[in-house]
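Asker: Let me give you the structure first, and then I'll get to my questions.
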Amino acid sequence: MFRMLGAPKGTASVGAAGDAALRTPSEQTRLAALALLAAAPAESRGFVGLQLGASEARRQWPVRHFAVVGDQLWRELRLCPVLLGAPAETSLAQEYADLANAPF
């Protein structure tokens, strides 16, 4: 299997059909997600997740490039970037906020 964007080299083995089912989110999580969706810009046509961090600094794409892509996705397709990451990556999100012109 090829390796791209941090994808695993191999595949996982799933024993039974139900083993790969996603958990149903809690009601609190569901309501929080609905609130975030409601706060999206009115002209938004959807969302795109951007993972700013990486397991190793050498594998991390420059945040300014993410900002350019996020701005272009908004300008051309009206797709609203959603930043994904761990609490330790808050500084990357702040850098993105400083560079981006589009809503996120």
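To be explicit about the labels: the chains of the structure tokens are called A, B, and onward in the order shown, and within each one the residues are counted from 1, while ligands get numbers from 1 in the order they are shown.
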Hey, what's within 12 Å of region 22-37 of chain A if we count only C-alpha atoms and toss same-chain stuff fewer than 5 positions away? As a PyMOL selection string, please?
Answerer: chain A and resi 17+42+44-47+80+82+104
Asker: Just the selected residues (N, CA and C atoms), exported as an mmCIF file, in the first residue's frame, please.
Answerer:
data_model
loop_
_atom_site.group_PDB
_atom_site.id
_atom_site.type_symbol
_atom_site.label_atom_id
_atom_site.label_comp_id
_atom_site.auth_asym_id
_atom_site.auth_seq_id
_atom_site.Cartn_x
_atom_site.Cartn_y
_atom_site.Cartn_z
ATOM 1 N N ALA A 17 -18.459 -8.010 10.774
ATOM 2 C CA ALA A 17 -19.018 -6.842 10.105
ATOM 3 C C ALA A 17 -19.221 -5.668 11.054
ATOM 4 N N ALA A 42 -23.298 31.937 6.404
ATOM 5 C CA ALA A 42 -24.539 31.608 5.693
ATOM 6 C C ALA A 42 -24.283 31.106 4.277
ATOM 7 N N SER A 44 -21.842 29.360 3.188
ATOM 8 C CA SER A 44 -21.028 28.148 3.157
ATOM 9 C C SER A 44 -21.755 27.015 2.436
ATOM 10 N N ARG A 45 -21.010 26.301 1.590
ATOM 11 C CA ARG A 45 -21.565 25.158 0.854
ATOM 12 C C ARG A 45 -21.072 23.832 1.416
ATOM 13 N N GLY A 46 -20.333 23.892 2.506
ATOM 14 C CA GLY A 46 -19.804 22.683 3.110
ATOM 15 C C GLY A 46 -18.544 22.992 3.893
ATOM 16 N N PHE A 47 -17.868 21.944 4.323
ATOM 17 C CA PHE A 47 -16.702 22.086 5.180
ATOM 18 C C PHE A 47 -15.565 21.204 4.683
ATOM 19 N N CYS A 80 -15.895 25.931 3.825
ATOM 20 C CA CYS A 80 -15.360 26.543 5.040
ATOM 21 C C CYS A 80 -14.339 25.612 5.694
ATOM 22 N N VAL A 82 -12.192 23.824 8.458
ATOM 23 C CA VAL A 82 -12.330 23.469 9.873
ATOM 24 C C VAL A 82 -10.965 22.952 10.317
ATOM 25 N N PHE A 104 -13.191 30.456 9.116
ATOM 26 C CA PHE A 104 -12.832 29.080 9.450
ATOM 27 C C PHE A 104 -13.425 28.749 10.790
#
Asker: Would you please give, as a PyMOL selection string, all residues of chain A that DSSP assigns to alpha helix (DSSP H) based on the backbone?
Answerer: chain A and resi 27-38+63-77+90-99
Asker: Please measure the separation of CA of Glu89 (chain A) and CA of Leu52 (chain A), giving the value in Å to one decimal.
Answerer: 7.8 Å
Asker: Between CA of Leu84 (chain A) and CA of Ala39 (chain A), what distance in Å does the model show, to one decimal?
Answerer: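 Separation of CA of Leu84 (chain A) and CA of Ala39 (chain A): 17.1 Å.
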